[in-house]
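Next comes final.tsv, a file with TSV, C-alpha atoms and all ligand atoms.
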```
chain	number	residue	atom	x	y	z
A	1	MET	CA	-7.35	23.68	0.40
A	2	ARG	CA	-9.03	20.93	2.44
A	3	VAL	CA	-9.39	17.57	0.73
A	4	LEU	CA	-11.61	14.75	1.96
A	5	GLY	CA	-10.02	11.38	1.10
A	6	ILE	CA	-12.00	8.16	0.72
A	7	GLU	CA	-10.50	4.67	0.35
A	8	THR	CA	-12.62	1.53	-0.16
A	9	SER	CA	-10.60	-0.57	-2.63
A	10	CYS	CA	-10.31	-3.71	-0.53
A	11	ASP	CA	-10.99	-4.56	3.12
A	12	GLU	CA	-10.45	-1.21	4.84
A	13	THR	CA	-12.78	1.76	4.84
A	14	GLY	CA	-10.49	4.77	5.18
A	15	VAL	CA	-11.48	8.43	5.46
A	16	ALA	CA	-9.24	11.44	6.08
A	17	LEU	CA	-9.08	15.21	5.83
A	18	TYR	CA	-5.86	16.68	4.48
A	19	CYS	CA	-5.18	20.40	4.39
A	20	THR	CA	-2.50	21.74	2.02
A	21	GLU	CA	-1.55	24.40	4.60
A	22	ARG	CA	-1.89	22.48	7.88
A	23	GLY	CA	-1.29	18.85	6.89
A	24	LEU	CA	-3.36	15.89	8.04
A	25	LEU	CA	-6.33	17.21	10.07
A	26	ALA	CA	-8.09	13.95	10.97
A	27	GLN	CA	-8.46	10.39	9.81
A	28	ALA	CA	-10.56	7.34	10.59
A	29	LEU	CA	-10.25	3.74	9.55
A	30	HIS	CA	-12.37	0.65	9.82
A	31	SER	CA	-10.63	-2.64	9.12
A	32	GLN	CA	-12.74	-5.62	8.06
A	33	VAL	CA	-10.04	-8.09	9.12
A	34	GLU	CA	-12.21	-9.64	11.85
A	35	MET	CA	-15.04	-10.22	9.39
A	36	HIS	CA	-12.89	-11.88	6.71
A	37	ARG	CA	-10.66	-13.82	9.12
A	38	HIS	CA	-13.33	-16.51	9.35
A	39	TYR	CA	-12.96	-17.22	5.59
A	40	GLY	CA	-9.14	-17.03	5.44
A	41	GLY	CA	-9.21	-14.15	2.98
A	42	VAL	CA	-11.24	-11.21	1.69
A	43	VAL	CA	-14.78	-12.05	0.51
A	44	PRO	CA	-15.55	-9.33	-2.09
A	45	GLU	CA	-19.33	-9.18	-1.60
A	46	LEU	CA	-19.01	-8.91	2.18
A	47	ALA	CA	-16.35	-6.22	1.73
A	48	SER	CA	-18.65	-4.07	-0.44
A	49	ARG	CA	-21.56	-4.38	1.96
A	50	ASP	CA	-19.43	-3.42	4.93
A	51	HIS	CA	-18.08	-0.33	3.13
A	52	VAL	CA	-21.73	0.74	2.61
A	53	ARG	CA	-22.32	0.47	6.37
A	54	ARG	CA	-19.13	2.26	7.41
A	55	LEU	CA	-18.56	5.07	4.95
A	56	VAL	CA	-21.02	7.74	6.10
A	57	PRO	CA	-20.34	7.32	9.87
A	58	LEU	CA	-16.58	7.50	9.17
A	59	VAL	CA	-16.96	10.70	7.13
A	60	GLU	CA	-19.02	12.19	9.96
A	61	SER	CA	-16.53	11.22	12.67
A	62	THR	CA	-13.56	12.47	10.63
A	63	LEU	CA	-15.23	15.86	10.12
A	64	ALA	CA	-16.16	16.00	13.83
A	65	ASP	CA	-12.56	15.20	14.87
A	66	ALA	CA	-11.32	18.04	12.68
A	67	GLY	CA	-14.02	20.36	14.04
A	68	LEU	CA	-15.27	20.97	10.51
A	69	ALA	CA	-18.49	20.64	8.53
A	70	LEU	CA	-18.99	19.17	5.05
A	71	ASP	CA	-19.18	22.73	3.67
A	72	ASP	CA	-15.56	23.28	4.75
A	73	VAL	CA	-14.36	20.61	2.31
A	74	ASP	CA	-12.90	22.06	-0.91
A	75	ALA	CA	-12.46	18.84	-2.87
A	76	ILE	CA	-12.86	15.08	-2.58
A	77	GLY	CA	-10.28	12.46	-3.51
A	78	VAL	CA	-11.41	8.86	-3.86
A	79	THR	CA	-9.73	5.60	-4.82
A	80	GLU	CA	-10.79	4.92	-8.42
A	81	GLY	CA	-8.75	1.71	-8.74
A	82	PRO	CA	-7.17	-0.78	-8.81
A	83	GLY	CA	-9.06	-3.02	-6.40
A	84	LEU	CA	-12.30	-4.97	-5.99
A	85	ALA	CA	-14.91	-3.52	-8.36
A	86	GLY	CA	-17.83	-3.64	-5.91
A	87	ALA	CA	-15.76	-2.22	-3.07
A	88	LEU	CA	-14.42	0.62	-5.23
A	89	LEU	CA	-17.95	1.48	-6.35
A	90	VAL	CA	-19.03	2.24	-2.78
A	91	GLY	CA	-16.33	4.85	-2.25
A	92	VAL	CA	-16.70	6.36	-5.72
A	93	ALA	CA	-20.50	6.60	-5.46
A	94	GLY	CA	-20.19	8.18	-2.00
A	95	ALA	CA	-17.57	10.67	-3.19
A	96	LYS	CA	-19.63	11.65	-6.22
A	97	ALA	CA	-22.74	12.15	-4.06
A	98	VAL	CA	-20.86	14.46	-1.69
A	99	GLY	CA	-19.19	16.28	-4.59
A	100	TYR	CA	-22.48	16.77	-6.41
A	101	ALA	CA	-24.31	17.97	-3.31
A	102	LEU	CA	-21.57	20.45	-2.41
A	103	GLY	CA	-20.67	21.48	-5.95
A	104	LYS	CA	-17.04	20.58	-5.19
A	105	PRO	CA	-14.61	18.70	-7.47
A	106	VAL	CA	-14.08	14.95	-7.09
A	107	LEU	CA	-10.78	13.46	-8.18
A	108	GLY	CA	-10.29	9.73	-8.79
A	109	VAL	CA	-6.99	8.56	-7.30
A	110	HIS	CA	-4.84	5.55	-8.18
A	111	HIS	CA	-4.56	3.43	-5.03
A	112	LEU	CA	-0.87	2.68	-5.64
A	113	GLU	CA	-0.07	6.35	-6.25
A	114	GLY	CA	-1.54	6.89	-2.78
A	115	HIS	CA	0.76	4.25	-1.30
A	116	LEU	CA	3.75	5.50	-3.27
A	117	LEU	CA	3.36	9.09	-2.08
A	118	SER	CA	2.51	8.23	1.55
A	119	PRO	CA	6.14	8.63	2.81
A	120	LEU	CA	5.92	12.25	1.59
A	121	LEU	CA	3.33	12.87	4.32
A	122	GLY	CA	6.12	12.59	6.91
A	123	ALA	CA	8.07	15.36	8.61
A	124	ASP	CA	11.13	14.87	6.39
A	125	PRO	CA	9.70	14.14	2.92
A	126	PRO	CA	12.06	12.83	0.23
A	127	ALA	CA	12.53	15.00	-2.86
A	128	PHE	CA	11.98	13.74	-6.41
A	129	PRO	CA	13.52	11.83	-8.16
A	130	PHE	CA	13.68	8.53	-6.29
A	131	VAL	CA	13.24	4.80	-6.65
A	132	ALA	CA	10.03	3.40	-5.14
A	133	LEU	CA	9.56	-0.11	-3.80
A	134	LEU	CA	5.81	-0.80	-3.63
A	135	VAL	CA	5.11	-3.86	-1.54
A	136	SER	CA	1.52	-4.75	-0.69
A	137	GLY	CA	-0.75	-7.77	-0.63
A	138	GLY	CA	-1.33	-7.49	-4.36
A	139	HIS	CA	1.76	-5.72	-5.73
A	140	THR	CA	5.54	-5.92	-5.68
A	141	GLN	CA	6.99	-3.28	-7.96
A	142	LEU	CA	10.11	-1.20	-8.36
A	143	LEU	CA	9.56	2.16	-10.06
A	144	GLU	CA	11.68	5.10	-11.08
A	145	VAL	CA	9.80	8.20	-9.92
A	146	GLU	CA	10.76	11.49	-11.62
A	147	GLY	CA	7.82	13.46	-10.26
A	148	LEU	CA	4.09	13.36	-9.62
A	149	GLY	CA	2.54	11.03	-12.22
A	150	ARG	CA	5.91	10.26	-13.81
A	151	TYR	CA	6.46	6.60	-13.00
A	152	ARG	CA	8.60	4.14	-14.95
A	153	LEU	CA	8.24	0.46	-14.09
A	154	LEU	CA	11.65	-1.09	-13.41
A	155	GLY	CA	10.57	-4.47	-12.11
A	156	ASP	CA	7.52	-6.45	-11.10
A	157	THR	CA	6.67	-9.83	-9.66
A	158	VAL	CA	6.19	-12.63	-12.17
A	159	ASP	CA	3.87	-14.50	-9.77
A	160	ASP	CA	2.98	-13.86	-6.11
A	161	ALA	CA	3.32	-10.47	-4.42
A	162	ALA	CA	5.57	-10.06	-1.36
A	163	GLY	CA	2.56	-9.62	0.94
A	164	GLU	CA	1.01	-12.74	-0.58
A	165	ALA	CA	4.23	-14.65	0.17
A	166	PHE	CA	3.93	-13.54	3.81
A	167	ASP	CA	0.23	-14.38	3.90
A	168	LYS	CA	0.53	-17.81	2.26
A	169	SER	CA	3.50	-18.84	4.42
A	170	ALA	CA	1.60	-17.70	7.51
A	171	LYS	CA	-1.39	-19.77	6.42
A	172	LEU	CA	0.84	-22.85	6.11
A	173	LEU	CA	2.00	-22.16	9.66
A	174	GLU	CA	-1.66	-21.78	10.67
A	175	LEU	CA	-1.13	-18.21	11.78
A	176	GLY	CA	-4.41	-16.91	10.36
A	177	TYR	CA	-5.18	-13.92	8.20
A	178	PRO	CA	-3.65	-11.45	7.40
A	179	GLY	CA	-0.45	-13.35	7.87
A	180	GLY	CA	2.30	-10.74	7.44
A	181	PRO	CA	2.17	-9.13	10.88
A	182	ALA	CA	1.49	-12.50	12.59
A	183	LEU	CA	4.43	-14.21	10.86
A	184	SER	CA	6.70	-11.30	11.69
A	185	ALA	CA	5.62	-11.39	15.35
A	186	LEU	CA	6.34	-15.14	15.54
A	187	ALA	CA	9.74	-14.61	13.86
A	188	ALA	CA	10.59	-12.04	16.54
A	189	THR	CA	10.25	-14.72	19.24
A	190	TRP	CA	12.97	-16.87	17.66
A	191	ARG	CA	15.89	-17.34	20.06
A	192	GLY	CA	18.69	-17.10	17.46
A	193	GLY	CA	21.42	-19.44	16.25
A	194	GLU	CA	20.99	-21.98	13.45
A	195	THR	CA	17.37	-22.21	12.28
A	196	GLY	CA	17.85	-25.58	10.58
A	197	PHE	CA	15.96	-24.17	7.57
A	198	ARG	CA	17.35	-22.72	4.38
A	199	LEU	CA	14.75	-21.28	2.03
A	200	PRO	CA	15.55	-20.00	-1.48
A	201	ARG	CA	16.06	-16.27	-2.22
A	202	PRO	CA	14.31	-16.36	-5.62
A	203	LYS	CA	15.90	-14.21	-8.34
A	204	LEU	CA	18.12	-12.38	-5.86
A	205	LYS	CA	21.25	-13.02	-7.94
A	206	ASP	CA	19.54	-12.38	-11.32
A	207	PRO	CA	20.59	-9.09	-12.97
A	208	ASP	CA	16.97	-8.04	-13.72
A	209	LEU	CA	14.71	-6.20	-11.25
A	210	ASP	CA	11.82	-8.65	-11.26
A	211	PHE	CA	10.61	-10.77	-8.35
A	212	SER	CA	9.22	-14.28	-7.95
A	213	PHE	CA	7.79	-15.57	-4.69
A	214	SER	CA	5.74	-18.64	-5.60
A	215	GLY	CA	8.72	-21.01	-5.20
A	216	LEU	CA	9.18	-19.79	-1.66
A	217	LYS	CA	5.65	-20.82	-0.74
A	218	THR	CA	6.33	-24.31	-2.16
A	219	ALA	CA	9.53	-24.56	-0.12
A	220	VAL	CA	7.64	-23.58	3.04
A	221	LEU	CA	5.01	-26.19	2.22
A	222	THR	CA	7.72	-28.85	1.86
A	223	ALA	CA	9.22	-27.88	5.22
A	224	VAL	CA	5.81	-27.91	6.93
A	225	ARG	CA	4.99	-31.34	5.47
A	226	LYS	CA	8.19	-32.76	6.96
A	227	GLY	CA	6.86	-31.61	10.32
A	228	VAL	CA	7.71	-28.47	12.24
A	229	GLY	CA	7.76	-28.88	16.01
A	230	PRO	CA	6.57	-26.10	18.35
A	231	ASP	CA	10.13	-24.79	18.84
A	232	ALA	CA	10.93	-24.84	15.14
A	233	ARG	CA	7.92	-22.71	14.18
A	234	ALA	CA	9.57	-19.45	15.19
A	235	ALA	CA	12.77	-20.53	13.41
A	236	LEU	CA	10.88	-21.22	10.18
A	237	ALA	CA	8.96	-17.93	10.46
A	238	HIS	CA	12.29	-16.17	10.92
A	239	GLU	CA	13.73	-17.85	7.83
A	240	VAL	CA	10.65	-16.91	5.75
A	241	GLU	CA	10.90	-13.29	6.84
A	242	GLN	CA	14.64	-13.26	6.11
A	243	ALA	CA	14.18	-14.79	2.66
A	244	ILE	CA	11.48	-12.31	1.59
A	245	THR	CA	13.22	-9.25	3.00
A	246	ASP	CA	16.64	-10.30	1.62
A	247	VAL	CA	15.14	-10.35	-1.87
A	248	LEU	CA	13.21	-7.08	-1.46
A	249	ALA	CA	16.18	-5.20	-0.02
A	250	GLY	CA	18.64	-6.72	-2.51
A	251	LYS	CA	16.56	-5.82	-5.55
A	252	ALA	CA	15.79	-2.32	-4.24
A	253	LEU	CA	19.50	-1.59	-3.84
A	254	ARG	CA	20.13	-3.01	-7.31
A	255	ALA	CA	17.48	-0.60	-8.69
A	256	LEU	CA	19.22	2.34	-7.01
A	257	ALA	CA	22.54	1.30	-8.55
A	258	ALA	CA	20.95	0.84	-11.98
A	259	THR	CA	19.27	4.27	-12.00
A	260	GLY	CA	21.91	6.24	-10.09
A	261	HIS	CA	19.36	7.50	-7.57
A	262	THR	CA	20.22	7.66	-3.87
A	263	ARG	CA	16.74	7.95	-2.37
A	264	LEU	CA	14.53	4.92	-1.89
A	265	VAL	CA	10.87	5.24	-0.94
A	266	VAL	CA	9.22	2.08	0.41
A	267	SER	CA	5.46	1.82	0.79
A	268	GLY	CA	2.47	-0.54	0.92
A	269	GLY	CA	1.50	-2.94	3.69
A	270	VAL	CA	4.81	-4.83	3.75
A	271	SER	CA	6.71	-1.55	4.33
A	272	ALA	CA	5.58	-1.95	7.96
A	273	ASN	CA	7.86	-4.97	8.25
A	274	ARG	CA	10.59	-4.32	10.82
A	275	GLU	CA	13.21	-6.55	9.15
A	276	LEU	CA	12.77	-4.82	5.80
A	277	ARG	CA	13.11	-1.45	7.55
A	278	ARG	CA	16.22	-2.59	9.42
A	279	LYS	CA	17.95	-3.95	6.31
A	280	LEU	CA	17.26	-0.86	4.20
A	281	ALA	CA	18.13	1.58	6.98
A	282	ALA	CA	21.49	-0.18	7.26
A	283	ALA	CA	22.01	-0.16	3.48
A	284	GLY	CA	25.07	2.04	3.77
A	285	ALA	CA	26.47	5.40	2.86
A	286	GLY	CA	24.91	7.30	0.00
A	287	VAL	CA	21.56	5.54	0.28
A	288	ARG	CA	18.61	6.88	2.22
A	289	ALA	CA	15.43	4.88	2.69
A	290	HIS	CA	12.10	6.59	3.47
A	291	PHE	CA	9.09	4.79	4.93
A	292	PRO	CA	5.53	5.89	5.72
A	293	ALA	CA	4.48	6.25	9.35
A	294	LEU	CA	3.42	2.79	10.58
A	295	ALA	CA	-0.27	3.76	10.61
A	296	LEU	CA	-0.02	4.78	6.94
A	297	CYS	CA	1.63	1.60	5.60
A	298	THR	CA	-1.58	-0.35	5.06
A	299	ASP	CA	-4.64	1.03	3.29
A	300	ASN	CA	-5.92	4.37	4.58
A	301	GLY	CA	-7.78	7.49	3.53
A	302	ALA	CA	-4.93	9.88	4.31
A	303	MET	CA	-2.76	8.75	1.40
A	304	ILE	CA	-5.72	9.18	-0.97
A	305	ALA	CA	-6.54	12.69	0.31
A	306	PHE	CA	-2.84	13.58	0.03
A	307	ALA	CA	-2.40	12.27	-3.54
A	308	ALA	CA	-5.56	14.13	-4.62
A	309	ALA	CA	-4.33	17.31	-2.93
A	310	LEU	CA	-0.95	17.18	-4.71
A	311	ARG	CA	-2.64	16.72	-8.09
A	312	LEU	CA	-5.23	19.47	-7.48
A	313	GLN	CA	-2.48	21.84	-6.31
A	314	ALA	CA	-0.44	21.18	-9.44
A	315	MET	CA	-3.49	21.82	-11.61
A	316	ALA	CA	-4.28	25.04	-9.74
A	317	ARG	CA	-0.68	26.22	-10.14
A	318	ARG	CA	-1.08	25.86	-13.88
A	319	GLY	CA	-4.25	27.93	-13.67
A	320	GLU	CA	-6.40	24.97	-14.58
A	321	ARG	CA	-9.88	25.41	-13.19
A	322	VAL	CA	-11.34	22.21	-11.86
A	323	ASP	CA	-14.95	22.07	-13.02
A	324	PRO	CA	-16.88	20.11	-10.38
A	325	ALA	CA	-19.47	18.77	-12.84
A	326	SER	CA	-16.94	17.41	-15.36
A	327	ARG	CA	-15.11	15.68	-12.55
A	328	LEU	CA	-18.05	13.38	-11.79
A	329	ASP	CA	-17.74	11.59	-15.10
A	330	PHE	CA	-15.50	8.64	-14.24
A	331	ASP	CA	-15.96	4.97	-13.51
A	332	VAL	CA	-14.08	2.58	-11.21
A	333	ARG	CA	-10.96	0.93	-12.64
A	334	PRO	CA	-10.45	-2.49	-10.97
A	335	ARG	CA	-7.36	-3.06	-13.14
A	336	TRP	CA	-5.15	-0.04	-13.74
A	337	ALA	CA	-1.38	0.08	-14.30
A	338	LEU	CA	0.44	2.69	-12.22
A	339	ALA	CA	2.99	3.40	-14.96
A	340	SER	CA	0.13	4.46	-17.28
A	341	LEU	CA	-0.57	7.55	-15.14
A	342	GLN	CA	0.23	10.99	-16.49
A	343	PRO	CA	1.42	14.08	-14.60
A	344	PRO	CA	-1.44	16.36	-13.50
B	1	LIG	O1	-1.19	-2.28	1.26
B	1	LIG	P1	-2.00	-3.28	1.96
B	1	LIG	O2	-2.69	-2.88	3.24
B	1	LIG	O3	-3.15	-3.84	1.07
B	1	LIG	C1	-3.01	-4.05	-0.29
B	1	LIG	O4	-3.20	-3.06	-1.04
B	1	LIG	O5	-2.68	-5.20	-0.63
B	1	LIG	O6	-1.05	-4.54	2.24
B	1	LIG	C2	-1.47	-5.67	2.93
B	1	LIG	C3	-0.32	-6.68	3.00
B	1	LIG	C4	-0.75	-8.04	3.53
B	1	LIG	O7	-0.24	-9.04	2.68
B	1	LIG	C5	-0.09	-8.11	4.92
B	1	LIG	O8	0.21	-9.41	5.33
B	1	LIG	C6	1.16	-7.29	4.67
B	1	LIG	O9	0.72	-6.22	3.85
B	1	LIG	N1	1.76	-6.79	5.92
B	1	LIG	C7	2.94	-7.18	6.41
B	1	LIG	C8	3.14	-6.48	7.62
B	1	LIG	N2	2.06	-5.67	7.82
B	1	LIG	C9	1.23	-5.86	6.75
B	1	LIG	N3	3.84	-8.07	5.95
B	1	LIG	C10	4.95	-8.26	6.68
B	1	LIG	N4	5.22	-7.64	7.83
B	1	LIG	C11	4.35	-6.76	8.35
B	1	LIG	N5	4.61	-6.13	9.51
B	2	ZN	ZN	-3.03	-1.07	-0.58
```
Mind turning this structure into structure tokens?
Ligand code: KG4
Ligand code: ZN
Amino acid sequence: MRVLGIETSCDETGVALYCTERGLLAQALHSQVEMHRHYGGVVPELASRDHVRRLVPLVESTLADAGLALDDVDAIGVTEGPGLAGALLVGVAGAKAVGYALGKPVLGVHHLEGHLLSPLLGADPPAFPFVALLVSGGHTQLLEVEGLGRYRLLGDTVDDAAGEAFDKSAKLLELGYPGGPALSALAATWRGGETGFRLPRPKLKDPDLDFSFSGLKTAVLTAVRKGVGPDARAALAHEVEQAITDVLAGKALRALAATGHTRLVVSGGVSANRELRRKLAAAGAGVRAHFPALALCTDNGAMIAFAAALRLQAMARRGERVDPASRLDFDVRPRWALASLQPP
């Protein structure tokens, strides 16, 4: 089965073709980062308009790369939510149009389920059950994952997301948008030794599995106001990265201990962070951390095609016929809790 995946929930237009027998056949991505950089963040109306411009050419180039035609597509998976309403609408309308024209089923996919399952696209996929750490620009969640669509929320952020903490700290250091990769790159230039900064590790010692990152941003602001010389910038960036990744790694290991699971799956944009990867890879005996390929950490069409394929396969195994027409009757869901999903 060949599934065309479409992602337009935020500021990336992602398209991919996933085959249940041969794996990922082709993928294409257009990032709007350059367009939004000027405004210091994503402008929803501009995002929607750009998705309109990019979607069809990206579908065409993805099919061409795979050496396939639209007729070779068996189903379409599209991000239904959560995300920016106008941006989601572009992908969903496009997917429905293709599905209707071809008479093929269209499946709405939860964006975070796409992220969560993306490490399973690798060569050595983790088996269920596992604990998932979802860390993106909008979410910071720990989940117990028993199987496809069986997600129990263990912990969440009470304020800012981890990616937001990276982005806001980077903004205070005038590193531009999106800040995570830029802050991490600056931190990597730090020479070592005493940084002269000590930022809080919010909630790290608390027994619960929740996160809080807004205090960190305030602490960075205080440090910046005192004045950070050119040499100290890398030291402060290093301390920010250490503080965020200490908390993420610490809470993830606490979630493993609390549930008794040994496998940890980390996904979302912040899973690209090298310090987070290093800390979790070194977590010790009995714990194995799985990450997506670097190209699949941030938003992409491959994870959406893959999540749709897994769900359609499970339905087919149960003998459930997917009626193309009935599958067109869904709307976008800008707000949608991952733990509310059901198994296919
Ligand atoms: O998953 P994603 O592409 O979009 C959302 O669904 O939010 O995540 C984007 C977030 C941004 O906050 C970005 O700064 C962060 O992921 N990010 C990173 C790194 N790469 C992306 N944060 C820290 N280190 C990185 N290497
Ligand atoms: Zn995302």
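Distances to ligand ZN 2 (chain B) were evaluated for A:Gly227, A:Gly94, A:Gly147, A:Gly114 using all atoms listed in the file, and the minimum falls at A:Gly114.
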(message) Considering only C-alpha atoms, can you say which of A:Pro119, A:Gly14, A:Pro82, A:Gly40 comes closest to Arg333 (chain A)?
(response) A:Pro82
(request) Excluding Pro344 (chain A) and any residue of its chain fewer than 2 positions from it, enumerate the residues within 8 Å of it, using all atoms listed in the file, and give them as a ChimeraX atom specification. (result) /A:148-149,311-312,314-315,342
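Environment of ligand LIG 1 (chain B), defined as every protein or nucleic acid residue with an atom within 6 Å of it and counting all atoms listed in the file, comprises Ser136, Gly137, Gly138, Gly163, Glu164, Phe166, Asp167, Pro178, Gly179, Gly180, Pro181, Ser184, Gly268, Gly269, Val270, Ala272, Asn273, Thr298 and Asp299 of chain A.
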(request) Residues within 12 Å of ligand ZN 2 (chain B), counting all atoms listed in the file: report them as a ChimeraX atom specification. (result) /A:7-14,79,81-84,110-116,118,134-140,161,163,267-271,296-301,303-304
Next, write the just-selected residues to a file, as a CSV table (one decimal), in the frame of the given file, keeping C-alpha atoms as the atom set.
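Wrote result_13.csv, looks like this:
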```csv
chain,number,residue,atom,x,y,z
A,7,GLU,CA,-10.5,4.7,0.4
A,8,THR,CA,-12.6,1.5,-0.2
A,9,SER,CA,-10.6,-0.6,-2.6
A,10,CYS,CA,-10.3,-3.7,-0.5
A,11,ASP,CA,-11.0,-4.6,3.1
A,12,GLU,CA,-10.4,-1.2,4.8
A,13,THR,CA,-12.8,1.8,4.8
A,14,GLY,CA,-10.5,4.8,5.2
A,79,THR,CA,-9.7,5.6,-4.8
A,81,GLY,CA,-8.8,1.7,-8.7
A,82,PRO,CA,-7.2,-0.8,-8.8
A,83,GLY,CA,-9.1,-3.0,-6.4
A,84,LEU,CA,-12.3,-5.0,-6.0
A,110,HIS,CA,-4.8,5.6,-8.2
A,111,HIS,CA,-4.6,3.4,-5.0
A,112,LEU,CA,-0.9,2.7,-5.6
A,113,GLU,CA,-0.1,6.4,-6.2
A,114,GLY,CA,-1.5,6.9,-2.8
A,115,HIS,CA,0.8,4.2,-1.3
A,116,LEU,CA,3.8,5.5,-3.3
A,118,SER,CA,2.5,8.2,1.6
A,134,LEU,CA,5.8,-0.8,-3.6
A,135,VAL,CA,5.1,-3.9,-1.5
A,136,SER,CA,1.5,-4.8,-0.7
A,137,GLY,CA,-0.8,-7.8,-0.6
A,138,GLY,CA,-1.3,-7.5,-4.4
A,139,HIS,CA,1.8,-5.7,-5.7
A,140,THR,CA,5.5,-5.9,-5.7
A,161,ALA,CA,3.3,-10.5,-4.4
A,163,GLY,CA,2.6,-9.6,0.9
A,267,SER,CA,5.5,1.8,0.8
A,268,GLY,CA,2.5,-0.5,0.9
A,269,GLY,CA,1.5,-2.9,3.7
A,270,VAL,CA,4.8,-4.8,3.8
A,271,SER,CA,6.7,-1.6,4.3
A,296,LEU,CA,0.0,4.8,6.9
A,297,CYS,CA,1.6,1.6,5.6
A,298,THR,CA,-1.6,-0.4,5.1
A,299,ASP,CA,-4.6,1.0,3.3
A,300,ASN,CA,-5.9,4.4,4.6
A,301,GLY,CA,-7.8,7.5,3.5
A,303,MET,CA,-2.8,8.8,1.4
A,304,ILE,CA,-5.7,9.2,-1.0
```
(message) Let me make sure I understand: among A:Ala339, A:Ser212, A:Ala243, A:Ala302, which one has the smallest atom-to-atom distance to Leu29 (chain A) if we use all atoms listed in the file?
(response) A:Ala302
